[in-house]
Each structure stands twice: as C-alpha cells, then as structure tokens.
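Shown below: structure_22.txt, with compact mmCIF, C-alpha atoms (C1' of nucleotides).
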# COMPACT_ATOMS: atom_id res chain seq x y z
CA MET V 855 -15.38 55.88 -75.85
CA SER V 856 -15.15 52.49 -74.17
CA PRO V 857 -18.56 50.95 -73.44
CA ALA V 858 -17.95 50.97 -69.67
CA LYS V 859 -17.59 47.65 -67.86
CA PRO V 860 -20.76 46.34 -66.23
CA GLN V 861 -18.95 46.09 -62.92
CA THR V 862 -17.96 49.74 -63.03
CA VAL V 863 -21.49 50.84 -63.87
CA ALA V 864 -22.93 48.61 -61.16
CA ARG V 865 -20.64 50.27 -58.63
CA VAL V 866 -21.88 53.69 -59.69
CA PHE V 867 -25.49 52.57 -59.34
CA ALA V 868 -24.76 51.04 -55.97
CA ALA V 869 -23.13 54.28 -54.86
CA LEU V 870 -26.18 56.29 -55.91
CA GLY V 871 -28.58 53.73 -54.49
CA GLU V 872 -28.55 55.00 -50.95
CA PRO V 873 -30.65 58.01 -49.94
CA THR V 874 -27.90 59.73 -47.95
CA ARG V 875 -25.39 59.40 -50.75
CA LEU V 876 -27.90 60.51 -53.35
CA LYS V 877 -28.50 63.64 -51.28
CA LEU V 878 -24.77 64.19 -51.02
CA VAL V 879 -24.50 63.97 -54.79
CA ALA V 880 -27.40 66.38 -55.14
CA VAL V 881 -25.56 68.86 -52.92
CA LEU V 882 -22.25 68.33 -54.69
CA CYS V 883 -23.71 68.89 -58.13
CA ALA V 884 -24.41 72.45 -57.11
CA GLY V 885 -20.79 72.86 -58.15
CA GLY V 886 -17.75 73.96 -56.26
CA ALA V 887 -16.08 72.10 -53.43
CA PHE V 888 -17.43 71.38 -49.98
CA SER V 889 -15.72 70.37 -46.77
CA ILE V 890 -16.85 67.33 -44.83
CA ALA V 891 -18.09 69.57 -42.02
CA GLN V 892 -20.24 71.49 -44.51
CA LEU V 893 -21.63 68.32 -46.01
CA THR V 894 -22.38 66.95 -42.55
CA ALA V 895 -24.29 70.06 -41.52
CA ASN V 896 -27.31 69.19 -43.67
CA THR V 897 -27.61 65.63 -42.39
CA ASN V 898 -28.57 64.08 -39.11
CA ILE V 899 -25.80 61.52 -39.04
CA SER V 900 -22.28 61.79 -37.72
CA ARG V 901 -19.34 63.26 -39.57
CA GLN V 902 -17.67 59.86 -39.83
CA ALA V 903 -20.74 58.39 -41.44
CA VAL V 904 -20.61 61.14 -44.05
CA THR V 905 -16.92 60.46 -44.53
CA LYS V 906 -17.65 56.79 -45.19
CA HIS V 907 -20.30 57.68 -47.73
CA LEU V 908 -17.91 60.04 -49.46
CA HIS V 909 -15.37 57.25 -49.72
CA VAL V 910 -17.99 55.00 -51.29
CA LEU V 911 -18.67 57.71 -53.84
CA ALA V 912 -14.94 58.09 -54.42
CA ASP V 913 -14.46 54.34 -54.92
CA ALA V 914 -17.21 54.43 -57.51
CA GLY V 915 -15.45 57.34 -59.20
CA VAL V 916 -18.42 59.61 -58.66
CA ALA V 917 -16.71 62.15 -56.41
CA ARG V 918 -13.23 62.99 -55.29
CA GLY V 919 -11.73 65.13 -52.56
CA GLU V 920 -8.40 66.74 -51.94
CA LYS V 921 -6.88 68.32 -48.92
CA SER V 922 -6.81 72.07 -48.67
CA GLY V 923 -5.40 73.41 -45.48
CA ARG V 924 -6.97 71.64 -42.56
CA GLU V 925 -10.01 70.54 -44.47
CA ARG V 926 -10.69 68.21 -47.38
CA LEU V 927 -12.79 69.62 -50.18
CA TRP V 928 -15.02 67.28 -52.13
CA GLN V 929 -16.44 67.75 -55.57
CA LEU V 930 -18.35 65.75 -58.13
CA ASP V 931 -16.71 63.85 -60.96
CA PRO V 932 -19.50 63.57 -63.54
CA ALA V 933 -17.74 61.23 -66.00
CA ARG V 934 -18.93 57.99 -64.38
CA ILE V 935 -22.38 59.43 -63.91
CA GLU V 936 -22.47 60.08 -67.65
CA GLU V 937 -21.51 56.48 -68.26
CA ALA V 938 -24.32 55.29 -66.03
CA LYS V 939 -26.76 57.56 -67.86
CA ARG V 940 -25.69 56.09 -71.18
CA THR V 941 -26.22 52.61 -69.81
CA LEU V 942 -29.80 53.50 -68.93
CA GLU V 943 -30.25 54.98 -72.38
CA VAL V 944 -29.08 51.74 -73.96
CA ILE V 945 -31.48 49.74 -71.81
CA GLY V 946 -34.34 51.97 -72.84
CA ARG V 947 -33.42 51.82 -76.50
CA GLN V 948 -33.07 48.03 -76.50
CA TRP V 949 -36.42 47.74 -74.83
CA GLU V 950 -38.09 49.92 -77.42
CA ALA V 951 -36.38 48.11 -80.27
CA ALA V 952 -37.61 44.81 -78.88
CA LEU V 953 -41.11 46.21 -78.64
CA GLY V 954 -40.85 47.30 -82.25
CA ARG V 955 -39.77 43.85 -83.39
CA LEU V 956 -42.56 42.26 -81.39
CA LYS V 957 -45.09 44.60 -82.93
CA SER V 958 -43.97 43.97 -86.50
CA PHE V 959 -43.97 40.23 -85.80
CA VAL V 960 -47.54 40.36 -84.57
CA GLU V 961 -48.61 42.46 -87.53
CA ALA V 962 -46.91 40.17 -90.05
CA THR V 963 -49.99 38.02 -90.59
CA MET Y 1047 -44.71 64.37 -64.94
CA SER Y 1048 -43.93 64.33 -61.24
CA PRO Y 1049 -40.23 64.84 -60.49
CA ALA Y 1050 -39.89 61.38 -58.90
CA LYS Y 1051 -39.23 61.12 -55.16
CA PRO Y 1052 -35.58 60.78 -54.21
CA GLN Y 1053 -36.39 57.63 -52.26
CA THR Y 1054 -37.97 56.01 -55.29
CA VAL Y 1055 -35.02 56.87 -57.49
CA ALA Y 1056 -32.59 55.65 -54.86
CA ARG Y 1057 -34.40 52.31 -54.78
CA VAL Y 1058 -34.05 52.01 -58.54
CA PHE Y 1059 -30.34 52.76 -58.34
CA ALA Y 1060 -29.93 50.29 -55.51
CA ALA Y 1061 -31.74 47.67 -57.55
CA LEU Y 1062 -29.42 48.24 -60.51
CA GLY Y 1063 -26.34 48.48 -58.31
CA GLU Y 1064 -25.68 44.77 -58.10
CA PRO Y 1065 -23.93 42.91 -60.95
CA THR Y 1066 -26.33 39.96 -61.00
CA ARG Y 1067 -29.39 42.20 -61.12
CA LEU Y 1068 -27.83 44.43 -63.76
CA LYS Y 1069 -27.27 41.34 -65.90
CA LEU Y 1070 -30.85 40.28 -65.31
CA VAL Y 1071 -32.02 43.68 -66.49
CA ALA Y 1072 -29.75 43.41 -69.50
CA VAL Y 1073 -31.36 40.09 -70.38
CA LEU Y 1074 -34.87 41.34 -69.72
CA CYS Y 1075 -34.43 44.39 -71.91
CA ALA Y 1076 -34.11 42.05 -74.87
CA GLY Y 1077 -37.88 42.23 -74.70
CA GLY Y 1078 -40.49 39.59 -74.18
CA ALA Y 1079 -41.09 37.63 -71.02
CA PHE Y 1080 -38.82 35.09 -69.38
CA SER Y 1081 -39.47 32.41 -66.82
CA ILE Y 1082 -37.39 32.17 -63.66
CA ALA Y 1083 -35.90 28.92 -64.89
CA GLN Y 1084 -34.80 30.61 -68.12
CA LEU Y 1085 -33.31 33.53 -66.25
CA THR Y 1086 -31.49 31.18 -63.89
CA ALA Y 1087 -29.96 29.19 -66.75
CA ASN Y 1088 -27.48 31.95 -67.63
CA THR Y 1089 -26.24 32.42 -64.08
CA ASN Y 1090 -24.25 30.32 -61.69
CA ILE Y 1091 -26.42 30.92 -58.67
CA SER Y 1092 -29.50 29.08 -57.49
CA ARG Y 1093 -33.04 29.63 -58.71
CA GLN Y 1094 -34.08 31.05 -55.34
CA ALA Y 1095 -31.29 33.59 -55.46
CA VAL Y 1096 -32.54 34.71 -58.86
CA THR Y 1097 -36.07 34.86 -57.47
CA LYS Y 1098 -34.90 37.14 -54.67
CA HIS Y 1099 -33.17 39.43 -57.12
CA LEU Y 1100 -36.30 39.57 -59.25
CA HIS Y 1101 -38.31 40.60 -56.22
CA VAL Y 1102 -35.83 43.38 -55.50
CA LEU Y 1103 -36.29 44.58 -59.06
CA ALA Y 1104 -40.06 44.34 -58.64
CA ASP Y 1105 -40.00 46.30 -55.38
CA ALA Y 1106 -38.07 49.01 -57.17
CA GLY Y 1107 -40.65 48.97 -59.94
CA VAL Y 1108 -38.07 48.00 -62.52
CA ALA Y 1109 -39.55 44.64 -63.47
CA ARG Y 1110 -42.72 42.72 -62.90
CA GLY Y 1111 -43.84 39.14 -63.35
CA GLU Y 1112 -47.15 37.37 -63.69
CA LYS Y 1113 -48.10 33.76 -63.52
CA SER Y 1114 -48.74 31.92 -66.74
CA GLY Y 1115 -49.52 28.26 -66.31
CA ARG Y 1116 -47.01 26.72 -64.00
CA GLU Y 1117 -44.38 29.36 -64.58
CA ARG Y 1118 -44.07 33.05 -63.81
CA LEU Y 1119 -43.00 35.26 -66.70
CA TRP Y 1120 -40.96 38.36 -65.95
CA GLN Y 1121 -40.53 41.44 -68.06
CA LEU Y 1122 -39.02 44.87 -67.75
CA ASP Y 1123 -40.97 47.95 -66.74
CA PRO Y 1124 -38.92 50.81 -68.18
CA ALA Y 1125 -40.84 53.70 -66.60
CA ARG Y 1126 -38.75 53.84 -63.42
CA ILE Y 1127 -35.58 53.37 -65.40
CA GLU Y 1128 -36.54 56.42 -67.43
CA GLU Y 1129 -37.03 58.37 -64.20
CA ALA Y 1130 -33.59 57.34 -63.03
CA LYS Y 1131 -32.09 58.37 -66.36
CA ARG Y 1132 -33.72 61.80 -66.06
CA THR Y 1133 -32.29 62.16 -62.56
CA LEU Y 1134 -28.81 61.57 -63.93
CA GLU Y 1135 -29.48 64.07 -66.69
CA VAL Y 1136 -30.45 66.68 -64.11
CA ILE Y 1137 -27.31 66.02 -62.12
CA GLY Y 1138 -25.19 66.43 -65.22
CA ARG Y 1139 -26.95 69.60 -66.27
CA GLN Y 1140 -26.68 71.18 -62.84
CA TRP Y 1141 -23.03 70.34 -62.75
CA GLU Y 1142 -22.40 71.96 -66.12
CA ALA Y 1143 -24.44 75.01 -65.20
CA ALA Y 1144 -22.37 75.39 -62.04
CA LEU Y 1145 -19.19 75.09 -64.07
CA GLY Y 1146 -20.49 77.77 -66.39
CA ARG Y 1147 -21.19 80.13 -63.51
CA LEU Y 1148 -17.77 79.46 -62.03
CA LYS Y 1149 -16.09 80.12 -65.35
CA SER Y 1150 -17.89 83.39 -65.95
CA PHE Y 1151 -17.09 84.42 -62.39
CA VAL Y 1152 -13.40 83.73 -62.90
CA GLU Y 1153 -13.36 85.52 -66.24
CA ALA Y 1154 -15.14 88.57 -64.82
CA THR Y 1155 -11.89 90.37 -63.98
C1' DG N 77 -53.36 8.52 -62.22
C1' DC N 78 -48.61 9.30 -61.75
C1' DC N 79 -44.51 11.82 -62.44
C1' DT N 80 -41.83 15.83 -62.98
C1' DC N 81 -41.21 20.58 -63.87
C1' DG N 82 -41.42 25.24 -62.13
C1' DC N 83 -42.29 27.92 -58.08
C1' DG N 84 -43.11 29.70 -53.49
C1' DC N 85 -42.04 29.68 -48.59
C1' DA N 86 -39.14 29.36 -44.57
C1' DA N 87 -35.06 28.79 -42.00
C1' DC N 88 -30.56 29.54 -41.81
C1' DC N 89 -25.63 31.52 -42.63
C1' DA N 90 -21.77 34.56 -43.79
C1' DA N 91 -20.35 38.77 -45.42
C1' DA N 92 -21.14 43.52 -46.32
C1' DT N 93 -22.96 47.88 -44.79
C1' DA N 94 -24.53 51.92 -42.18
C1' DG N 95 -23.93 53.67 -38.11
C1' DT N 96 -21.67 54.77 -33.68
C1' DT N 97 -17.84 56.27 -30.25
C1' DG N 98 -13.21 57.37 -28.82
C1' DC N 99 -8.75 59.01 -29.68
C1' DA N 100 -4.75 60.81 -32.33
C1' DT N 101 -3.14 64.25 -35.69
C1' DT N 102 -2.66 68.33 -38.32
C1' DT N 103 -3.50 73.15 -39.12
C1' DA N 104 -5.26 77.63 -38.44
C1' DA N 105 -6.18 81.25 -35.03
C1' DG N 106 -5.38 84.21 -30.92
C1' DC B 1239 2.50 78.73 -27.19
C1' DT B 1240 -1.91 77.25 -26.49
C1' DT B 1241 -6.24 76.12 -28.17
C1' DA B 1242 -9.91 74.94 -31.08
C1' DA B 1243 -11.38 73.22 -35.56
C1' DA B 1244 -11.42 69.61 -39.24
C1' DT B 1245 -10.09 65.41 -40.26
C1' DG B 1246 -8.28 60.57 -40.10
C1' DC B 1247 -8.07 55.99 -37.99
C1' DA B 1248 -9.67 52.04 -35.45
C1' DA B 1249 -12.81 49.20 -32.92
C1' DC B 1250 -17.26 47.80 -32.26
C1' DT B 1251 -22.45 46.90 -33.09
C1' DA B 1252 -26.73 46.02 -35.41
C1' DT B 1253 -29.07 45.41 -39.58
C1' DT B 1254 -29.27 44.27 -44.35
C1' DT B 1255 -28.13 41.42 -47.98
C1' DG B 1256 -26.78 37.75 -51.08
C1' DG B 1257 -26.61 33.20 -50.87
C1' DT B 1258 -27.80 28.43 -49.59
C1' DT B 1259 -30.81 24.16 -48.55
C1' DG B 1260 -35.04 21.67 -47.77
C1' DC B 1261 -39.81 21.02 -48.37
C1' DG B 1262 -44.48 21.55 -50.09
C1' DC B 1263 -47.68 22.56 -53.81
C1' DG B 1264 -50.03 23.41 -58.23
C1' DA B 1265 -49.89 22.57 -63.25
C1' DG B 1266 -48.80 19.96 -67.30
C1' DG B 1267 -47.05 15.86 -69.85
C1' DC B 1268 -47.25 10.79 -70.62
Kindly transcribe the structure held in the file into structure tokens.
Amino acid sequence: MSPAKPQTVARVFAALGEPTRLKLVAVLCAGGAFSIAQLTANTNISRQAVTKHLHVLADAGVARGEKSGRERLWQLDPARIEEAKRTLEVIGRQWEAALGRLKSFVEAT
Amino acid sequence: MSPAKPQTVARVFAALGEPTRLKLVAVLCAGGAFSIAQLTANTNISRQAVTKHLHVLADAGVARGEKSGRERLWQLDPARIEEAKRTLEVIGRQWEAALGRLKSFVEAT
DNA sequence: GCCTCGCGCAACCAAATAGTTGCATTTAAG
DNA sequence: CTTAAATGCAACTATTTGGTTGCGCGAGGC
C-alpha cells in the first residue's frame, strides 16, 4: 500500500472542498450509476456546470463515468477517498502522539 | 455529536486541498506551536503568503494562532479534521452498503 | 535609546475556477 | 425519416485565489 503522494491527496481534498461537488459525491455514494441529467436535477446550476464538476472529481480519481447509450453514467471510485481518510487518520495520530510526548516531558520533573 | 454541516466540512476539505497548506498542516501536526517565520523557513514562498494560508486554515477551524511576545504561535486544532475524517468514513460505508445491496439483488435469482 | 526582528495591513497582479450560453453530435423513440 | 433527449465542445465572463511588494508598528535585544 503506497503512502499516497501529497499532491494526489491534495487533489482529492480540493475536489471535495466545494459544496456542489461534495453534494454530488454524497449522491453518488448512494451506489449505482447516475446520468448527468439525473445529477443535474437536484441542483440549481446548469448541466454543463455539473459536467465540469464531474470532470474535476474524475481528475482527482474520486469518480468516473462511462458512456452507456446516449447517456454517460457516473459512479464513485472510493479508493482515493480511502487514501484521503487515511491521511487524516495519520494527522490525528501524529497530533495525539505529539501531545503525549509533550505531556510526558512536562511531567518529567 | 452534531453531524457537522456540509458547508463546514467542505471548508475543511478546501483548506486541505492545496499542497502548501497540506504541508503546513503536516508540519503543525508535529505538535507544539510554531511562529510564522518558522513555518515560512521550510517553504519557498513569502511570509505573507504563508500568513494568508494560515488564515485560510484558521477560517476553516483547522488551525489557530495566538500572539506571544512579538510573534504569533500557530498550532493545529484537530476537531474539524476529525469531523472531516468521519465524513469520509460515512461516504465509504454508504458506498459499501450500496454495493452489498446491489450484490444481494443480483444474486437473488 | 536605537536597532532589528516578526507581524499586520493594503494594494496590486496573474492565473485558476465556477458559472453561463450557444451550437454540434449522437442515439433512442415514434 | 424525423424528432427529441443527453451529451460534448468552445467561447466568454466574473469572482476567487495564490502570490507578490511596500510600508508601518510593536516588542525585544544590545
């Protein structure tokens, strides 16, 4: 399991760091595959705007879509999201470890 | 434990979604408090740029700094990061649950 | 007291981003 | 065959963003 390049993780965070895209991800994680028209229905922005957001998610490796008939069906790709989650876990653990060291240093009188 | 507003979580992701800021967080999670000058030393951008990034982190609730003498010491605030981590966990779980439902549906022949 | 270190504030700039509209294209439906 | 639906592509706009420079100010060090 490679530790995931910082750049890659940053791209995932950037992709999730926009309310519209976060909502899209929330819809997509319901499972299955959704067409752009379906994904646009729940928003108040244009179809092309949704398309752009989907491409941002795809570039970050968070979602992918493939053509099926006259529509393109999009679904989540949770691998990168898992990586990002692990990054946050590491941050939390390092923080707690540092707190522990600080505490034992203070107590070592 | 409130489920964390989507907007708040999105701000955290946006804050982490920039390589420089992610590095800053990585440094800060070593624990302790760092001055702006210290945090700037490891980068190749100006002190003011670092200051701006720190304010973005502060606005997202990821870090905070307080004056101490003639310098301002910054440290991590891991609460929001924990929230973001839980959000990613929920996404992963929902995805897996959906996969499970899909699988049992397919197998129900 | 003077100097310098560390910051904060403001103005400014270039690039990226979120959004739009208009039009062409492909595919399913009647 | 004709039409309508779903998408892709391109141009354009406004705002945000990441970065800079310059200057002023408070707090220590000598």
*asked:* Taking only C-alpha atoms (C1' of nucleotides) into account, find every residue of chain N that has an atom no more than 12 Å from chain V, and write it out as a list in words.
replied: DT93, DA94, DG95, DT96, DT97, DT101, DT102, DT103 and DA104 of chain N
Print the selection's residues with C-alpha atoms (C1' of nucleotides) to a file, as an mmCIF file, keeping the file's coordinate frame.
data_model
loop_
_atom_site.group_PDB
_atom_site.id
_atom_site.type_symbol
_atom_site.label_atom_id
_atom_site.label_comp_id
_atom_site.auth_asym_id
_atom_site.auth_seq_id
_atom_site.Cartn_x
_atom_site.Cartn_y
_atom_site.Cartn_z
ATOM 1 C "C1'" DT N 93 -22.960 47.880 -44.790
ATOM 2 C "C1'" DA N 94 -24.530 51.920 -42.180
ATOM 3 C "C1'" DG N 95 -23.930 53.670 -38.110
ATOM 4 C "C1'" DT N 96 -21.670 54.770 -33.680
ATOM 5 C "C1'" DT N 97 -17.840 56.270 -30.250
ATOM 6 C "C1'" DT N 101 -3.140 64.250 -35.690
ATOM 7 C "C1'" DT N 102 -2.660 68.330 -38.320
ATOM 8 C "C1'" DT N 103 -3.500 73.150 -39.120
ATOM 9 C "C1'" DA N 104 -5.260 77.630 -38.440
#
*Could you state the separation of C1' of DG82 (chain N) and CA of Ala1083 (chain Y) in Å, given to one decimal place?*
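Distance between the two atoms: 7.2 Å.
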*Quick one: everything within 8 Å of Leu908 (chain V), counting all atoms listed in the file, minus sequence neighbours fewer than 3 positions away in the same chain. Send it as an MDAnalysis selection string.*
chainID V and resid 875 904:905 911:912 917
*Can you tell me how far CA of Gly919 (chain V) sits from CA of Ala1143 (chain Y), in Å to one decimal?*
20.5 Å
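Within 12 Å of the point (-50.2, 20.4, -55.0), counting all atoms listed in the file, the protein and nucleic acid residues come to Y:Arg1116, N:DC83, N:DG84, B:DG1262, B:DC1263, B:DG1264, B:DA1265.
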Which residues of chain Y come within 10 Å of chain V, and what is each one's closest atom pair and distance in Å (one decimal), counting all atoms listed in the file, sorted by chain and residue number, as a tab-separated table?
residue	atom	partner	partner_atom	distance
Y:Pro1052	CA	V:Pro873	CA	7.1
Y:Gln1053	CA	V:Pro873	CA	6.2
Y:Thr1054	CA	V:Pro873	CA	9.3
Y:Val1055	CA	V:Gly871	CA	7.8
Y:Ala1056	CA	V:Gly871	CA	4.5
Y:Arg1057	CA	V:Gly871	CA	6.0
Y:Val1058	CA	V:Gly871	CA	7.0
Y:Phe1059	CA	V:Gly871	CA	4.3
Y:Ala1060	CA	V:Gly871	CA	3.8
Y:Ala1061	CA	V:Gly871	CA	7.5
Y:Leu1062	CA	V:Phe867	CA	6.0
Y:Gly1063	CA	V:Ala868	CA	3.8
Y:Glu1064	CA	V:Ala864	CA	5.6
Y:Pro1065	CA	V:Ala864	CA	5.8
Y:Thr1066	CA	V:Ala864	CA	9.3
Y:Arg1067	CA	V:Ala864	CA	9.1
Y:Leu1068	CA	V:Ala864	CA	6.9
Y:Lys1069	CA	V:Pro860	CA	8.2
Y:Val1071	CA	V:Ile945	CA	8.1
Y:Ala1072	CA	V:Ile945	CA	7.0
Y:Val1073	CA	V:Ile945	CA	9.8
Y:Leu1074	CA	V:Trp949	CA	8.3
Y:Cys1075	CA	V:Trp949	CA	4.9
Y:Ala1076	CA	V:Ala952	CA	6.0
Y:Gly1077	CA	V:Ala952	CA	4.9
Y:Gly1078	CA	V:Ala952	CA	7.6
Y:Leu1122	CA	V:Trp949	CA	8.1
Y:Asp1123	CA	V:Trp949	CA	9.3
Y:Pro1124	CA	V:Gly946	CA	6.6
Y:Ala1125	CA	V:Gly946	CA	9.2
Y:Ile1127	CA	V:Leu942	CA	6.8
Y:Glu1128	CA	V:Gly946	CA	7.3
Y:Glu1129	CA	V:Leu942	CA	9.9
Y:Ala1130	CA	V:Leu942	CA	8.0
Y:Lys1131	CA	V:Lys939	CA	5.6
Y:Arg1132	CA	V:Lys939	CA	8.3
Y:Thr1133	CA	V:Lys939	CA	8.9
Y:Leu1134	CA	V:Lys939	CA	6.0
Y:Glu1135	CA	V:Lys939	CA	7.2
Y:Val1136	CA	V:Cys883	CA	9.3
Y:Ile1137	CA	V:Cys883	CA	6.1
Y:Gly1138	CA	V:Pro932	CA	6.6
Y:Arg1139	CA	V:Cys883	CA	8.8
Y:Gln1140	CA	V:Cys883	CA	6.0
Y:Trp1141	CA	V:Cys883	CA	4.9
Y:Glu1142	CA	V:Gly885	CA	8.2
Y:Ala1143	CA	V:Gly885	CA	8.2
Y:Ala1144	CA	V:Gly885	CA	4.9
Y:Leu1145	CA	V:Gly885	CA	6.5
Y:Gly1146	CA	V:Gly885	CA	9.6
Y:Arg1147	CA	V:Gly885	CA	9.0
Y:Leu1148	CA	V:Gly886	CA	8.0
Expected file: the selected residues, C-alpha atoms, as a compact mmCIF listing (two decimals), in the coordinates of the input:
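Written output follows (result_5.txt):
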# COMPACT_ATOMS: atom_id res chain seq x y z
CA PRO Y 1052 -35.58 60.78 -54.21
CA GLN Y 1053 -36.39 57.63 -52.26
CA THR Y 1054 -37.97 56.01 -55.29
CA VAL Y 1055 -35.02 56.87 -57.49
CA ALA Y 1056 -32.59 55.65 -54.86
CA ARG Y 1057 -34.40 52.31 -54.78
CA VAL Y 1058 -34.05 52.01 -58.54
CA PHE Y 1059 -30.34 52.76 -58.34
CA ALA Y 1060 -29.93 50.29 -55.51
CA ALA Y 1061 -31.74 47.67 -57.55
CA LEU Y 1062 -29.42 48.24 -60.51
CA GLY Y 1063 -26.34 48.48 -58.31
CA GLU Y 1064 -25.68 44.77 -58.10
CA PRO Y 1065 -23.93 42.91 -60.95
CA THR Y 1066 -26.33 39.96 -61.00
CA ARG Y 1067 -29.39 42.20 -61.12
CA LEU Y 1068 -27.83 44.43 -63.76
CA LYS Y 1069 -27.27 41.34 -65.90
CA VAL Y 1071 -32.02 43.68 -66.49
CA ALA Y 1072 -29.75 43.41 -69.50
CA VAL Y 1073 -31.36 40.09 -70.38
CA LEU Y 1074 -34.87 41.34 -69.72
CA CYS Y 1075 -34.43 44.39 -71.91
CA ALA Y 1076 -34.11 42.05 -74.87
CA GLY Y 1077 -37.88 42.23 -74.70
CA GLY Y 1078 -40.49 39.59 -74.18
CA LEU Y 1122 -39.02 44.87 -67.75
CA ASP Y 1123 -40.97 47.95 -66.74
CA PRO Y 1124 -38.92 50.81 -68.18
CA ALA Y 1125 -40.84 53.70 -66.60
CA ILE Y 1127 -35.58 53.37 -65.40
CA GLU Y 1128 -36.54 56.42 -67.43
CA GLU Y 1129 -37.03 58.37 -64.20
CA ALA Y 1130 -33.59 57.34 -63.03
CA LYS Y 1131 -32.09 58.37 -66.36
CA ARG Y 1132 -33.72 61.80 -66.06
CA THR Y 1133 -32.29 62.16 -62.56
CA LEU Y 1134 -28.81 61.57 -63.93
CA GLU Y 1135 -29.48 64.07 -66.69
CA VAL Y 1136 -30.45 66.68 -64.11
CA ILE Y 1137 -27.31 66.02 -62.12
CA GLY Y 1138 -25.19 66.43 -65.22
CA ARG Y 1139 -26.95 69.60 -66.27
CA GLN Y 1140 -26.68 71.18 -62.84
CA TRP Y 1141 -23.03 70.34 -62.75
CA GLU Y 1142 -22.40 71.96 -66.12
CA ALA Y 1143 -24.44 75.01 -65.20
CA ALA Y 1144 -22.37 75.39 -62.04
CA LEU Y 1145 -19.19 75.09 -64.07
CA GLY Y 1146 -20.49 77.77 -66.39
CA ARG Y 1147 -21.19 80.13 -63.51
CA LEU Y 1148 -17.77 79.46 -62.03
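Across the model, the gap from CA of Asp1105 (chain Y) to CA of Val910 (chain V) is 24.0 Å.
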*Counting only C-alpha atoms (C1' of nucleotides), which residues of chain B come no farther than 9 Å from chain V, as a PyMOL selection string?*
chain B and resi 1243-1245
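The smallest atom-to-atom distance between DG1257 (chain B) and any of Y:Ala1106, Y:Ser1150, Y:Ala1050, Y:Asn1090, using only C-alpha atoms (C1' of nucleotides), is found for Y:Asn1090.
Excluding DA105 (chain N) itself and same-chain residues fewer than 4 positions from it, the residues having an atom within 12 Å of it are B:DC1239, B:DT1240, B:DT1241, B:DA1242, B:DA1243, counting only C-alpha atoms (C1' of nucleotides).
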_When you look at DA100 (chain N) with a cut-off of 12 Å (counting only C-alpha atoms (C1' of nucleotides)), what residues show up, excluding the ones that are within fewer than 6 positions of it in the same chain? I need them as a list in words._
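Within the cut-off, the hits are DT1245, DG1246, DC1247 and DA1248 of chain B.
Non-sequential neighbours of DC1261 (chain B) (distance at most 10 Å, separation of 2 or more positions within a chain, only C-alpha atoms (C1' of nucleotides)) are DC85 and DA86 of chain N; DT1259 and DC1263 of chain B.
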Just need region 901-912 of chain V in a file, please: N, CA and C atoms, as a compact mmCIF listing (two decimals), in the first residue's frame.
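Below is the file result_2.txt, written as the result:
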# COMPACT_ATOMS: atom_id res chain seq x y z
N ARG V 901 -26.46 22.13 -16.54
CA ARG V 901 -25.91 20.81 -16.79
C ARG V 901 -24.41 20.87 -17.05
N GLN V 902 -23.97 21.89 -17.78
CA GLN V 902 -22.54 21.99 -18.09
C GLN V 902 -21.72 22.24 -16.84
N ALA V 903 -22.28 22.99 -15.92
CA ALA V 903 -21.56 23.22 -14.66
C ALA V 903 -21.38 21.90 -13.92
N VAL V 904 -22.45 21.09 -13.91
CA VAL V 904 -22.34 19.77 -13.27
C VAL V 904 -21.30 18.92 -13.98
N THR V 905 -21.32 18.99 -15.31
CA THR V 905 -20.34 18.23 -16.08
C THR V 905 -18.92 18.62 -15.68
N LYS V 906 -18.67 19.93 -15.56
CA LYS V 906 -17.34 20.38 -15.17
C LYS V 906 -16.96 19.82 -13.80
N HIS V 907 -17.90 19.89 -12.87
CA HIS V 907 -17.61 19.37 -11.54
C HIS V 907 -17.29 17.88 -11.59
N LEU V 908 -18.03 17.16 -12.41
CA LEU V 908 -17.78 15.73 -12.52
C LEU V 908 -16.38 15.47 -13.07
N HIS V 909 -15.95 16.32 -13.99
CA HIS V 909 -14.60 16.13 -14.53
C HIS V 909 -13.55 16.44 -13.48
N VAL V 910 -13.83 17.41 -12.62
CA VAL V 910 -12.88 17.67 -11.52
C VAL V 910 -12.78 16.44 -10.63
N LEU V 911 -13.94 15.85 -10.32
CA LEU V 911 -13.93 14.64 -9.49
C LEU V 911 -13.18 13.51 -10.20
N ALA V 912 -13.37 13.43 -11.51
CA ALA V 912 -12.69 12.37 -12.26
C ALA V 912 -11.18 12.60 -12.26
